[in-house]
$ cat coords06.txt   # compact mmCIF, C-alpha atoms
# COMPACT_ATOMS: atom_id res chain seq x y z
CA MET A 1 -50.59 38.88 -21.05
CA ASN A 2 -47.37 39.79 -19.44
CA ARG A 3 -43.94 38.65 -20.62
CA LEU A 4 -43.55 35.82 -18.11
CA VAL A 5 -46.67 34.05 -19.20
CA TRP A 6 -45.53 34.33 -22.85
CA LEU A 7 -42.24 32.82 -21.90
CA ILE A 8 -43.86 29.88 -20.11
CA ALA A 9 -46.15 29.28 -23.06
CA LEU A 10 -43.14 29.25 -25.37
CA LEU A 11 -41.27 26.79 -23.17
CA ILE A 12 -44.18 24.36 -23.12
CA ALA A 13 -44.81 24.61 -26.85
CA ALA A 14 -41.21 24.17 -28.04
CA PRO A 15 -39.74 20.74 -28.88
CA ALA A 16 -37.54 19.27 -26.16
CA GLN A 17 -34.35 19.31 -28.24
CA ALA A 18 -34.47 23.03 -28.84
CA GLN A 19 -31.85 25.23 -27.18
CA PHE A 20 -33.37 27.97 -25.07
CA LYS A 21 -31.05 30.90 -24.85
CA LEU A 22 -32.34 33.10 -22.08
CA PRO A 23 -30.12 35.87 -20.79
CA ASP A 24 -27.30 34.14 -18.82
CA LEU A 25 -29.21 30.92 -18.71
CA ASN A 26 -28.76 27.78 -20.82
CA ILE A 27 -31.43 25.27 -19.93
CA ASN A 28 -29.73 22.30 -21.60
CA LYS A 29 -26.58 23.02 -19.67
CA LEU A 30 -28.57 23.21 -16.47
CA ILE A 31 -30.14 19.83 -17.17
CA ASP A 32 -26.70 18.35 -17.95
CA THR A 33 -25.34 19.76 -14.74
CA ALA A 34 -28.21 18.31 -12.77
CA LYS A 35 -27.57 14.89 -14.37
CA GLY A 36 -23.86 15.31 -13.58
CA VAL A 37 -24.58 15.95 -9.92
CA VAL A 38 -26.65 12.79 -9.75
CA LYS A 39 -23.91 10.81 -11.50
CA ALA A 40 -21.06 12.20 -9.45
CA THR A 41 -22.71 11.63 -6.08
CA ARG A 42 -24.20 8.17 -6.64
CA GLU A 43 -22.18 5.04 -5.97
CA ILE A 44 -19.74 4.23 -8.77
CA ASP A 45 -20.51 0.75 -10.13
CA GLU A 46 -17.90 -1.98 -10.34
CA ASN A 47 -17.27 -1.71 -14.08
CA GLU A 48 -16.66 2.04 -13.77
CA GLU A 49 -14.40 1.42 -10.79
CA ILE A 50 -12.34 -1.09 -12.81
CA ALA A 51 -12.14 1.31 -15.78
CA ILE A 52 -11.02 4.24 -13.60
CA GLY A 53 -8.52 1.97 -11.85
CA SER A 54 -7.10 0.82 -15.16
CA ASP A 55 -6.54 4.45 -16.23
CA VAL A 56 -4.89 5.33 -12.90
CA ALA A 57 -2.71 2.18 -13.05
CA ALA A 58 -1.51 3.16 -16.55
CA ARG A 59 -0.48 6.58 -15.19
CA LEU A 60 1.32 5.10 -12.19
CA LEU A 61 3.21 2.84 -14.59
CA GLY A 62 4.13 5.99 -16.49
CA ALA A 63 5.79 7.18 -13.27
CA ALA A 64 7.67 3.91 -12.67
CA PRO A 65 7.75 0.83 -14.93
CA LEU A 66 7.46 -2.80 -13.84
CA MET A 67 10.48 -4.87 -12.87
CA ASN A 68 11.47 -6.90 -15.89
CA ASP A 69 11.41 -10.31 -14.19
CA LEU A 70 8.60 -12.75 -14.86
CA ARG A 71 9.44 -14.95 -11.87
CA VAL A 72 9.14 -12.25 -9.23
CA GLN A 73 6.02 -10.79 -10.89
CA ARG A 74 4.27 -14.17 -10.96
CA TYR A 75 5.30 -14.85 -7.38
CA VAL A 76 3.81 -11.60 -6.09
CA ASN A 77 0.66 -12.28 -8.14
CA ASN A 78 0.33 -15.74 -6.57
CA VAL A 79 0.64 -14.40 -3.04
CA GLY A 80 -1.65 -11.46 -3.78
CA ARG A 81 -4.33 -13.44 -5.59
CA TRP A 82 -4.43 -16.03 -2.82
CA LEU A 83 -4.96 -13.28 -0.24
CA ALA A 84 -7.52 -11.41 -2.37
CA THR A 85 -9.50 -14.65 -2.57
CA GLN A 86 -9.88 -14.43 1.24
CA SER A 87 -11.36 -10.92 0.98
CA GLU A 88 -14.95 -9.72 0.47
CA ARG A 89 -14.23 -8.96 -3.20
CA PRO A 90 -12.64 -12.18 -4.49
CA ASP A 91 -13.96 -11.79 -8.04
CA LEU A 92 -12.34 -8.48 -8.97
CA PRO A 93 -9.73 -8.71 -11.75
CA TRP A 94 -6.83 -8.61 -9.27
CA HIS A 95 -3.44 -7.60 -10.64
CA PHE A 96 -0.20 -7.25 -8.71
CA GLY A 97 2.94 -5.60 -9.99
CA VAL A 98 6.47 -4.96 -8.70
CA MET A 99 7.58 -1.50 -9.80
CA ASP A 100 11.22 -1.01 -10.66
CA ALA A 101 11.88 1.81 -8.19
CA PRO A 102 14.38 1.98 -5.30
CA GLN A 103 11.96 3.84 -3.00
CA LEU A 104 9.93 1.87 -0.44
CA ASN A 105 6.23 2.08 -1.19
CA ALA A 106 3.06 0.23 -2.14
CA PHE A 107 -0.11 1.44 -3.84
CA ALA A 108 -3.68 0.18 -4.06
CA VAL A 109 -5.60 1.21 -7.17
CA PRO A 110 -9.41 0.98 -7.39
CA GLY A 111 -10.71 -2.13 -9.12
CA GLY A 112 -8.05 -4.51 -7.79
CA THR A 113 -4.60 -3.38 -8.97
CA ILE A 114 -1.82 -3.33 -6.40
CA PHE A 115 1.77 -2.18 -6.80
CA ILE A 116 4.75 -2.71 -4.56
CA THR A 117 8.17 -1.24 -5.23
CA ARG A 118 11.39 -3.23 -5.61
CA GLY A 119 12.79 -1.10 -2.75
CA LEU A 120 10.13 -2.35 -0.33
CA LEU A 121 10.48 -5.95 -1.49
CA GLU A 122 14.24 -5.74 -0.85
CA LYS A 123 13.60 -4.68 2.74
CA MET A 124 11.46 -7.75 3.51
CA HIS A 125 12.56 -11.09 4.96
CA SER A 126 9.65 -13.48 4.36
CA GLU A 127 6.51 -14.23 2.39
CA ALA A 128 4.52 -13.42 5.53
CA GLU A 129 5.90 -9.88 5.42
CA LEU A 130 4.96 -9.57 1.75
CA ALA A 131 1.52 -10.98 2.60
CA GLY A 132 1.14 -8.39 5.38
CA VAL A 133 1.78 -5.50 2.99
CA LEU A 134 -0.37 -6.91 0.18
CA SER A 135 -3.21 -7.57 2.63
CA HIS A 136 -3.06 -3.93 3.80
CA GLU A 137 -3.36 -2.81 0.16
CA ILE A 138 -6.15 -5.31 -0.55
CA VAL A 139 -8.18 -3.73 2.27
CA HIS A 140 -7.82 -0.31 0.60
CA VAL A 141 -9.45 -1.83 -2.52
CA VAL A 142 -12.10 -3.82 -0.64
CA ARG A 143 -13.14 -0.75 1.38
CA LYS A 144 -12.83 1.53 -1.71
CA HIS A 145 -10.67 4.03 0.16
CA HIS A 146 -9.04 5.51 -2.94
CA LEU A 147 -12.17 5.32 -5.06
CA LYS A 148 -14.10 7.36 -2.50
CA ALA A 149 -11.26 9.88 -2.27
CA ILE A 150 -11.15 10.20 -6.08
CA GLN A 151 -14.91 10.71 -6.22
CA LYS A 152 -14.75 13.31 -3.46
CA GLY A 153 -11.92 15.07 -5.27
CA ALA A 154 -13.82 15.01 -8.55
CA LEU A 155 -16.74 16.80 -6.92
CA ALA A 156 -14.47 19.34 -5.25
CA HIS A 157 -12.27 20.11 -8.24
CA LEU A 158 -14.48 19.67 -11.28
CA SER A 159 -17.87 21.21 -12.01
CA ALA A 160 -20.66 18.77 -11.24
CA GLY A 161 -21.33 18.24 -14.93
CA ALA A 162 -17.66 17.56 -15.65
CA ALA A 163 -17.40 15.22 -12.66
CA GLY A 164 -20.27 13.15 -13.98
CA ALA A 165 -18.70 13.05 -17.44
CA ALA A 166 -15.31 12.14 -15.97
CA LEU A 167 -16.74 9.13 -14.18
CA SER A 168 -18.65 7.73 -17.14
CA ASN A 169 -16.98 9.06 -20.29
CA VAL A 170 -13.55 7.48 -20.68
CA ASN A 171 -12.36 9.78 -23.45
CA SER A 172 -13.30 13.18 -22.10
CA GLU A 173 -10.95 15.96 -21.06
CA ALA A 174 -12.64 15.81 -17.66
CA ARG A 175 -11.67 12.13 -17.44
CA ASN A 176 -8.02 13.02 -18.03
CA LYS A 177 -8.18 15.55 -15.22
CA LEU A 178 -9.84 13.02 -12.93
CA VAL A 179 -7.18 10.38 -13.61
CA ALA A 180 -4.34 12.89 -13.15
CA PHE A 181 -5.97 13.89 -9.85
CA GLY A 182 -6.35 10.21 -8.90
CA THR A 183 -2.65 9.62 -9.61
CA GLU A 184 -1.50 12.65 -7.60
CA MET A 185 -3.54 11.32 -4.70
CA TYR A 186 -0.70 8.86 -4.12
CA SER A 187 1.46 11.90 -3.27
CA ARG A 188 -1.10 13.31 -0.86
CA GLY A 189 -2.18 10.16 0.92
CA LEU A 190 -5.47 8.98 2.37
CA ASP A 191 -7.08 9.87 5.68
CA LYS A 192 -5.11 8.43 8.60
CA GLY A 193 -8.20 6.48 9.62
CA ASP A 194 -8.19 4.61 6.30
CA GLU A 195 -4.55 3.60 6.86
CA PHE A 196 -5.23 2.33 10.38
CA GLU A 197 -8.24 0.39 9.10
CA ALA A 198 -6.11 -1.17 6.35
CA ASP A 199 -3.57 -2.22 9.00
CA ARG A 200 -6.19 -3.82 11.27
CA LEU A 201 -8.18 -5.61 8.60
CA GLY A 202 -5.01 -6.46 6.67
CA VAL A 203 -3.82 -8.51 9.63
CA VAL A 204 -7.13 -10.43 9.42
CA ILE A 205 -6.74 -11.09 5.66
CA ALA A 206 -3.20 -12.43 6.23
CA ALA A 207 -4.52 -14.65 9.03
CA ARG A 208 -7.28 -15.96 6.74
CA GLY A 209 -4.68 -16.79 4.11
CA GLY A 210 -2.77 -18.90 6.61
CA TYR A 211 0.23 -16.59 7.11
CA ASP A 212 2.06 -15.63 10.27
CA THR A 213 0.11 -12.51 11.28
CA TYR A 214 3.20 -10.65 12.43
CA GLY A 215 4.31 -10.04 8.83
CA LEU A 216 2.88 -6.51 8.63
CA PRO A 217 4.12 -5.48 12.12
CA ALA A 218 7.58 -6.79 11.15
CA VAL A 219 7.65 -4.59 8.04
CA LEU A 220 6.42 -1.59 10.06
CA GLN A 221 9.18 -2.24 12.57
CA SER A 222 11.80 -2.29 9.79
CA LEU A 223 10.42 1.00 8.45
CA GLN A 224 10.33 2.48 11.94
CA GLY A 225 14.06 1.77 12.22
CA MET A 226 14.81 3.80 9.09
CA ASN A 227 15.70 7.47 9.04
CA ALA A 228 12.53 9.42 8.21
CA LYS A 229 14.66 11.87 6.21
CA ASP A 230 15.95 9.09 3.97
CA SER A 231 14.72 9.92 0.48
CA ALA A 232 13.83 6.24 -0.04
CA VAL A 233 11.00 6.54 2.47
CA ALA A 234 10.16 10.27 2.23
CA LEU A 235 7.01 9.83 0.12
CA MET A 236 5.74 6.85 2.07
CA PHE A 237 6.31 8.55 5.43
CA LYS A 238 4.56 11.69 4.16
CA THR A 239 1.47 9.75 3.08
CA HIS A 240 1.12 7.39 6.06
CA PRO A 241 0.96 7.71 9.85
CA ALA A 242 4.38 7.15 11.49
CA PRO A 243 5.30 3.43 11.67
CA GLY A 244 5.67 3.62 15.47
CA GLU A 245 2.13 4.96 15.78
CA ARG A 246 0.86 2.20 13.48
CA LEU A 247 2.61 -0.43 15.62
CA ASP A 248 1.11 1.05 18.81
CA THR A 249 -2.36 0.97 17.24
CA LEU A 250 -1.98 -2.65 16.12
CA ALA A 251 -0.73 -3.63 19.58
CA ALA A 252 -3.72 -1.91 21.20
CA LYS A 253 -6.42 -3.28 18.88
CA MET A 254 -5.17 -6.49 17.29
CA GLN A 255 -3.18 -8.40 19.88
CA PRO A 256 -5.68 -11.32 20.13
CA VAL A 257 -5.77 -11.93 16.35
CA LEU A 258 -2.01 -11.39 16.03
CA ASP A 259 -1.26 -13.94 18.73
CA SER A 260 -3.86 -16.53 17.64
CA TYR A 261 -2.23 -16.94 14.22
CA SER A 262 1.41 -16.07 14.86
CA SER A 263 2.64 -19.65 14.47
CA GLN A 264 1.40 -19.92 10.88
CA PRO A 265 4.09 -20.17 8.15
CA GLN A 266 6.43 -17.27 7.39
CA LEU A 267 7.94 -18.93 4.29
CA ARG A 268 11.35 -17.27 4.44
CA GLU A 269 13.06 -19.69 2.07
CA ARG A 270 10.43 -19.51 -0.66
CA PHE A 271 10.49 -15.73 -0.43
CA ALA A 272 14.29 -15.62 -0.74
CA MET A 273 14.24 -17.99 -3.74
CA GLU A 274 11.46 -16.27 -5.65
CA THR A 275 12.57 -12.68 -5.11
CA LYS A 276 16.27 -13.15 -5.91
CA ALA A 277 15.96 -10.85 -8.92
CA ALA A 278 14.81 -7.97 -6.70
CA ARG A 279 17.84 -7.99 -4.42
CA MET B 1 31.69 -12.60 18.43
CA ARG B 2 28.58 -14.47 19.41
CA LEU B 3 26.49 -11.88 17.59
CA LEU B 4 28.62 -12.35 14.52
CA ILE B 5 28.06 -16.10 14.59
CA LEU B 6 24.31 -15.58 14.95
CA ALA B 7 24.35 -13.19 12.04
CA LEU B 8 26.17 -15.80 9.96
CA LEU B 9 23.72 -18.48 11.01
CA PHE B 10 20.71 -16.41 10.07
CA PRO B 11 21.68 -14.58 6.91
CA LEU B 12 18.05 -14.11 5.88
CA LEU B 13 17.06 -12.56 9.17
CA GLY B 14 19.28 -9.55 8.84
CA HIS B 15 21.94 -8.53 11.31
CA ALA B 16 21.50 -7.48 14.90
CA GLU B 17 19.81 -4.12 15.16
CA PRO B 18 19.93 -1.72 18.08
CA ALA B 19 16.48 -1.46 19.65
CA THR B 20 14.71 -0.27 22.77
CA VAL B 21 11.94 -1.86 24.82
CA ILE B 22 9.16 0.71 25.06
CA ARG B 23 7.73 -0.68 28.28
CA ALA B 24 8.92 -2.84 31.19
CA THR B 25 9.20 -6.29 29.64
CA GLU B 26 10.04 -9.83 30.73
CA LEU B 27 13.00 -11.39 28.96
CA LYS B 28 11.90 -14.99 28.36
CA SER B 29 14.02 -18.08 27.78
CA GLU B 30 11.71 -19.23 24.95
CA PRO B 31 9.30 -17.39 22.64
CA ALA B 32 6.28 -18.14 24.84
CA THR B 33 4.41 -16.39 27.65
CA ASP B 34 4.73 -19.42 29.95
CA ALA B 35 8.49 -19.80 29.40
CA SER B 36 10.81 -19.04 32.31
CA THR B 37 11.84 -15.42 32.83
CA VAL B 38 15.54 -14.70 32.30
CA ALA B 39 15.36 -11.10 33.52
CA GLN B 40 13.09 -8.10 33.93
CA LEU B 41 13.93 -5.40 31.39
CA PRO B 42 12.96 -1.92 32.57
CA GLU B 43 11.30 0.55 30.21
CA ASN B 44 13.71 2.04 27.65
CA SER B 45 16.31 -0.72 28.04
CA ALA B 46 18.68 -0.90 25.09
CA VAL B 47 18.91 -4.32 23.42
CA GLU B 48 20.21 -5.87 20.20
CA ALA B 49 17.39 -7.41 18.17
CA LEU B 50 18.47 -10.66 16.51
CA GLN B 51 15.63 -12.72 15.10
CA ARG B 52 11.82 -12.78 15.00
CA GLN B 53 9.63 -15.79 15.53
CA GLY B 54 5.90 -15.08 15.40
CA GLY B 55 5.17 -12.33 17.92
CA TRP B 56 8.54 -12.72 19.64
CA THR B 57 11.98 -11.32 18.91
CA ARG B 58 15.22 -12.82 20.18
CA VAL B 59 17.33 -10.10 21.77
CA LYS B 60 20.65 -9.67 23.51
CA ALA B 61 20.32 -7.44 26.57
CA ALA B 62 22.80 -6.48 29.28
CA ALA B 63 21.01 -8.99 31.52
CA GLY B 64 21.38 -11.85 29.02
CA GLU B 65 19.83 -13.27 25.88
CA GLY B 66 16.24 -14.26 25.45
CA TRP B 67 12.92 -13.42 23.84
CA VAL B 68 10.68 -10.36 24.20
CA LYS B 69 7.31 -9.52 22.65
CA MET B 70 8.18 -8.01 19.28
CA LEU B 71 5.62 -5.21 19.64
CA ALA B 72 7.45 -4.02 22.76
CA LEU B 73 10.50 -3.20 20.58
CA ARG B 74 11.30 -0.05 18.65
CA TYR B 75 14.39 0.09 16.49
CA GLY B 76 16.98 2.82 16.62
CA GLY B 77 17.03 3.19 20.41
CA PRO B 78 17.98 6.29 22.41
CA GLY B 79 21.45 7.45 21.52
CA SER B 80 21.75 5.00 18.65
CA ALA B 81 21.81 7.00 15.46
CA LYS B 82 19.43 5.77 12.83
CA LYS B 83 20.98 4.67 9.61
CA GLY B 84 21.55 7.52 7.21
CA ASP B 85 20.34 8.09 3.72
CA THR B 86 20.38 5.11 1.39
CA GLY B 87 22.03 7.30 -1.21
CA ILE B 88 19.06 7.49 -3.53
CA ALA B 89 19.00 11.27 -3.15
CA GLN B 90 22.57 11.48 -4.36
CA ILE B 91 21.72 9.42 -7.42
CA PHE B 92 18.86 11.84 -8.08
CA ASN B 93 21.15 14.80 -7.79
CA VAL B 94 23.46 13.34 -10.40
CA ALA B 95 20.50 12.71 -12.65
CA ARG B 96 19.20 16.21 -12.11
CA THR B 97 22.32 18.24 -12.77
CA GLY B 98 23.00 18.47 -16.46
CA SER B 99 25.36 21.10 -17.87
CA SER B 100 22.38 23.41 -18.15
CA GLY B 101 21.55 22.87 -14.49
CA THR B 102 18.09 21.70 -15.47
CA GLN B 103 16.70 18.24 -14.94
CA VAL B 104 17.79 15.59 -17.40
CA THR B 105 15.59 12.63 -18.15
CA THR B 106 18.20 9.91 -18.63
CA GLY B 107 18.74 9.03 -14.95
CA VAL B 108 16.40 6.53 -13.32
CA ARG B 109 14.98 8.34 -10.33
CA GLY B 110 12.34 5.86 -9.45
CA LEU B 111 9.11 7.00 -7.93
CA ASP B 112 8.72 10.37 -6.25
CA GLU B 113 6.17 13.18 -6.05
CA GLU B 114 7.42 14.89 -9.17
CA LYS B 115 7.16 11.67 -11.16
CA LEU B 116 3.60 11.13 -9.96
CA ALA B 117 2.62 14.69 -10.82
CA ASN B 118 3.98 14.47 -14.37
CA ALA B 119 3.17 10.84 -15.16
CA GLN B 120 1.74 10.08 -18.58
CA PRO B 121 -0.17 6.83 -19.24
CA ASN B 122 1.99 3.86 -20.20
CA PRO B 123 -0.34 1.39 -21.94
CA ALA B 124 2.50 -1.03 -22.83
CA GLU B 125 3.36 -1.51 -19.14
CA LEU B 126 -0.33 -1.88 -18.30
CA GLU B 127 -0.57 -4.72 -20.81
CA LYS B 128 2.44 -6.43 -19.21
CA LEU B 129 0.77 -6.07 -15.82
CA ASN B 130 -2.39 -7.71 -17.15
CA ASN B 131 -0.35 -10.62 -18.49
CA PHE B 132 1.22 -11.31 -15.09
CA ALA B 133 -2.19 -11.99 -13.52
CA VAL B 134 -2.76 -15.34 -11.83
CA GLN B 135 -6.13 -17.11 -11.64
CA PRO B 136 -7.57 -18.15 -8.25
CA ALA B 137 -7.12 -21.89 -8.89
CA ALA B 138 -3.41 -21.44 -9.64
CA ALA B 139 -3.01 -19.24 -6.55
CA ALA B 140 -4.69 -21.94 -4.43
CA GLY B 141 -2.19 -24.50 -5.74
CA PHE B 142 0.66 -22.13 -4.93
CA ALA B 143 -0.70 -21.69 -1.38
CA ALA B 144 -1.00 -25.46 -0.90
CA LYS B 145 2.65 -25.90 -1.90
CA GLY B 146 3.58 -23.48 0.87
CA LYS B 147 1.38 -25.40 3.33
CA LEU B 148 -0.87 -22.36 3.73
CA SER B 149 -4.43 -23.19 4.65
CA ALA B 150 -7.29 -20.74 4.56
CA HIS B 151 -9.66 -20.29 7.46
CA GLU B 152 -12.40 -17.97 8.57
CA VAL B 153 -11.31 -15.06 10.71
CA GLU B 154 -13.73 -12.26 11.62
CA TYR B 155 -12.81 -8.61 11.40
CA PRO B 156 -12.44 -6.97 14.81
CA LYS B 157 -15.43 -4.96 16.04

$ encode --input "coords06.txt" --output "structure tokens"
Amino acid sequence: MNRLVWLIALLIAAPAQAQFKLPDLNINKLIDTAKGVVKATREIDENEEIAIGSDVAARLLGAAPLMNDLRVQRYVNNVGRWLATQSERPDLPWHFGVMDAPQLNAFAVPGGTIFITRGLLEKMHSEAELAGVLSHEIVHVVRKHHLKAIQKGALAHLSAGAAGAALSNVNSEARNKLVAFGTEMYSRGLDKGDEFEADRLGVVIAARGGYDTYGLPAVLQSLQGMNAKDSAVALMFKTHPAPGERLDTLAAKMQPVLDSYSSQPQLRERFAMETKAAR
Amino acid sequence: MRLLILALLFPLLGHAEPATVIRATELKSEPATDASTVAQLPENSAVEALQRQGGWTRVKAAAGEGWVKMLALRYGGPGSAKKGDTGIAQIFNVARTGSSGTQVTTGVRGLDEEKLANAQPNPAELEKLNNFAVQPAAAAGFAAKGKLSAHEVEYPK
């Protein structure tokens, strides 16, 4: 018999747990890698999404802490939870937080965590404007924009085996890398198309929640009036299409919905009362 | 003077802001399509934006005061310089220049790319976040107090 046949015979006869060390070939590693590929390319289930989101949220809070004001935090949670209830994923563990940072920004984290900065809250004039921004972020979660980008990044930047481990094993080194990558994604931004989708569908979520639909356009208009070189908006402008372009797109695609629900409440007074601590 | 009075009357609405109409637009006497037309504003007319109501913004134009579609407005019109830096960068610079010239960690810089790149998990803040959560029933009560009512609206095709 030649060598190959001997080798095959040996492979069949050996117990499954045994390590086969062939020159430059580790069969167990190959099997792990194959499992990793399957894991990293399949759809991430909701529990995994929530766990990944929780890790990313903890990192973001390492970058900027929460505003230390229970009233404003509860207020934003009330508005956010009410809107999330109008979405296609009402049963996620939704959390909303106001970060104590002067920059103007908002972040959607997989699994239902949404942050808005004190700087952006300060720039707003009504609950409808807050609702417009939170609805935009809720769409990112509902459509899994960040989750898909994280998964794509995991496949591109980690070996397939490590990507699989990172998604399912919360304490692995690969997981740390994945979460760090997921956090840095907020510096790089999503595809433009995801942002435009979040604008369009966000207007619908705000309308469903009973708010004046012009809240989001009003915030975009305020942003559009700011100097793009202002360091308070540098990161947000880098990671989003220009506000003027977003307004043009909303005008082109959403005018009927915007106008059908524009006389719904703006709630300026309640907003001013409840967000006093932020201004 | 009249602008000043308006600004005093509407402290929550912000002050008048220089803006431009991005297309030829009718200046209306009321915030409604069927309201009477005060004037025709040509494309790129400079106006002062005063107050928003739904999809309409009250403006002061050379031709008079009235309402225009808010999506026809862009702030910081031609020739009107946009507002400068809010000063956050300067605060950063102070925080960044120690005697050694290297970054010091005492200043609050808020949230920028560098912070995101170097962020370490903060489990204590995450726990606070979890404690702020509101349940759907409470949020529904909050919405009712604000006279918000939910209804079905389809996503656009």

$ atom_distance --input "coords06.txt" --atom1 "atom CA of A:Leu92" --atom2 "atom CA of B:Ala119"
25.5 Å

$ closest_residue --input "coords06.txt" --among "A:Arg208, A:Arg71, A:His157, A:Lys192" --to "A:Leu178" --atoms "all atoms listed in the file"
A:His157

$ closest_atom_pairs --input "coords06.txt" --of "chain B" --to "chain A" --cutoff "7 Å" --atoms "only C-alpha atoms" --output "Markdown table"
| residue | atom | partner | partner_atom | distance |
| --- | --- | --- | --- | --- |
| B:Leu12 | CA | A:His125 | CA | 6.3 |
| B:Leu13 | CA | A:His125 | CA | 6.3 |
| B:Gly54 | CA | A:Ser262 | CA | 4.6 |
| B:Gly55 | CA | A:Tyr214 | CA | 6.1 |
| B:Leu71 | CA | A:Ala251 | CA | 6.5 |
| B:Arg74 | CA | A:Gln221 | CA | 6.8 |
| B:Tyr75 | CA | A:Gly225 | CA | 4.6 |
| B:Gly76 | CA | A:Gly225 | CA | 5.4 |
| B:Lys82 | CA | A:Asn227 | CA | 5.6 |
| B:Lys83 | CA | A:Asn227 | CA | 6.0 |
| B:Gly84 | CA | A:Asn227 | CA | 6.1 |
| B:Asp85 | CA | A:Asp230 | CA | 4.5 |
| B:Thr86 | CA | A:Asp230 | CA | 6.5 |
| B:Ile88 | CA | A:Ser231 | CA | 6.4 |
| B:Ala89 | CA | A:Ser231 | CA | 5.8 |
| B:Gly110 | CA | A:Ala101 | CA | 4.3 |
| B:Leu111 | CA | A:Ala64 | CA | 5.8 |
| B:Asp112 | CA | A:Leu235 | CA | 6.6 |
| B:Glu113 | CA | A:Ser187 | CA | 5.6 |
| B:Lys115 | CA | A:Ala63 | CA | 5.1 |
| B:Leu116 | CA | A:Ala63 | CA | 5.6 |
| B:Ala117 | CA | A:Glu184 | CA | 5.6 |
| B:Ala119 | CA | A:Ala63 | CA | 4.9 |
| B:Gln120 | CA | A:Gly62 | CA | 5.2 |
| B:Pro121 | CA | A:Arg59 | CA | 4.1 |
| B:Asn122 | CA | A:Gly62 | CA | 4.8 |
| B:Pro123 | CA | A:Ala58 | CA | 5.8 |
| B:Glu125 | CA | A:Leu61 | CA | 6.3 |
| B:Leu126 | CA | A:Ala58 | CA | 5.5 |
| B:Leu129 | CA | A:Gly97 | CA | 6.2 |
| B:Asn130 | CA | A:His95 | CA | 6.6 |
| B:Phe132 | CA | A:Arg74 | CA | 5.9 |
| B:Ala133 | CA | A:His95 | CA | 5.4 |
| B:Val134 | CA | A:Asn77 | CA | 5.9 |
| B:Pro136 | CA | A:Arg81 | CA | 6.3 |
| B:Ala139 | CA | A:Asn78 | CA | 4.8 |
| B:Ala140 | CA | A:Trp82 | CA | 6.1 |
| B:Phe142 | CA | A:Asn78 | CA | 6.6 |
| B:Ala143 | CA | A:Trp82 | CA | 6.9 |
| B:Leu148 | CA | A:Gly210 | CA | 4.9 |
| B:Ser149 | CA | A:Gly210 | CA | 5.0 |
| B:Ala150 | CA | A:Gly209 | CA | 4.8 |
| B:His151 | CA | A:Arg208 | CA | 5.0 |
| B:Glu152 | CA | A:Arg208 | CA | 5.8 |
| B:Val153 | CA | A:Arg208 | CA | 5.7 |
| B:Tyr155 | CA | A:Leu201 | CA | 6.2 |

$ closest_residue --input "coords06.txt" --among "B:Gln51, B:Ser29, B:Asn118, B:Asn44" --to "B:Ala72" --atoms "all atoms listed in the file"
B:Asn44

$ atom_distance --input "coords06.txt" --atom1 "atom CA of B:Pro42" --atom2 "atom CA of B:Ala62"
11.3 Å

$ atom_distance --input "coords06.txt" --atom1 "atom CA of A:Glu274" --atom2 "atom CA of B:Ala138"
16.2 Å

$ decode --input "coords06.txt" --residues "stretch 259-274 of chain A" --atoms "C-alpha atoms" --output "compact mmCIF listing (two decimals), in the first residue's frame"
# COMPACT_ATOMS: atom_id res chain seq x y z
CA ASP A 259 -47.39 67.27 5.93
CA SER A 260 -50.07 64.77 7.03
CA TYR A 261 -48.83 64.81 10.64
CA SER A 262 -47.26 68.26 10.99
CA SER A 263 -50.01 69.60 13.25
CA GLN A 264 -49.38 66.99 15.95
CA PRO A 265 -47.94 68.27 19.28
CA GLN A 266 -44.43 69.71 19.50
CA LEU A 267 -44.46 69.93 23.32
CA ARG A 268 -42.07 72.86 23.67
CA GLU A 269 -42.98 73.65 27.27
CA ARG A 270 -42.62 70.11 28.58
CA PHE A 271 -39.28 69.84 26.81
CA ALA A 272 -38.03 73.10 28.34
CA MET A 273 -39.16 72.05 31.84
CA GLU A 274 -37.73 68.54 31.75
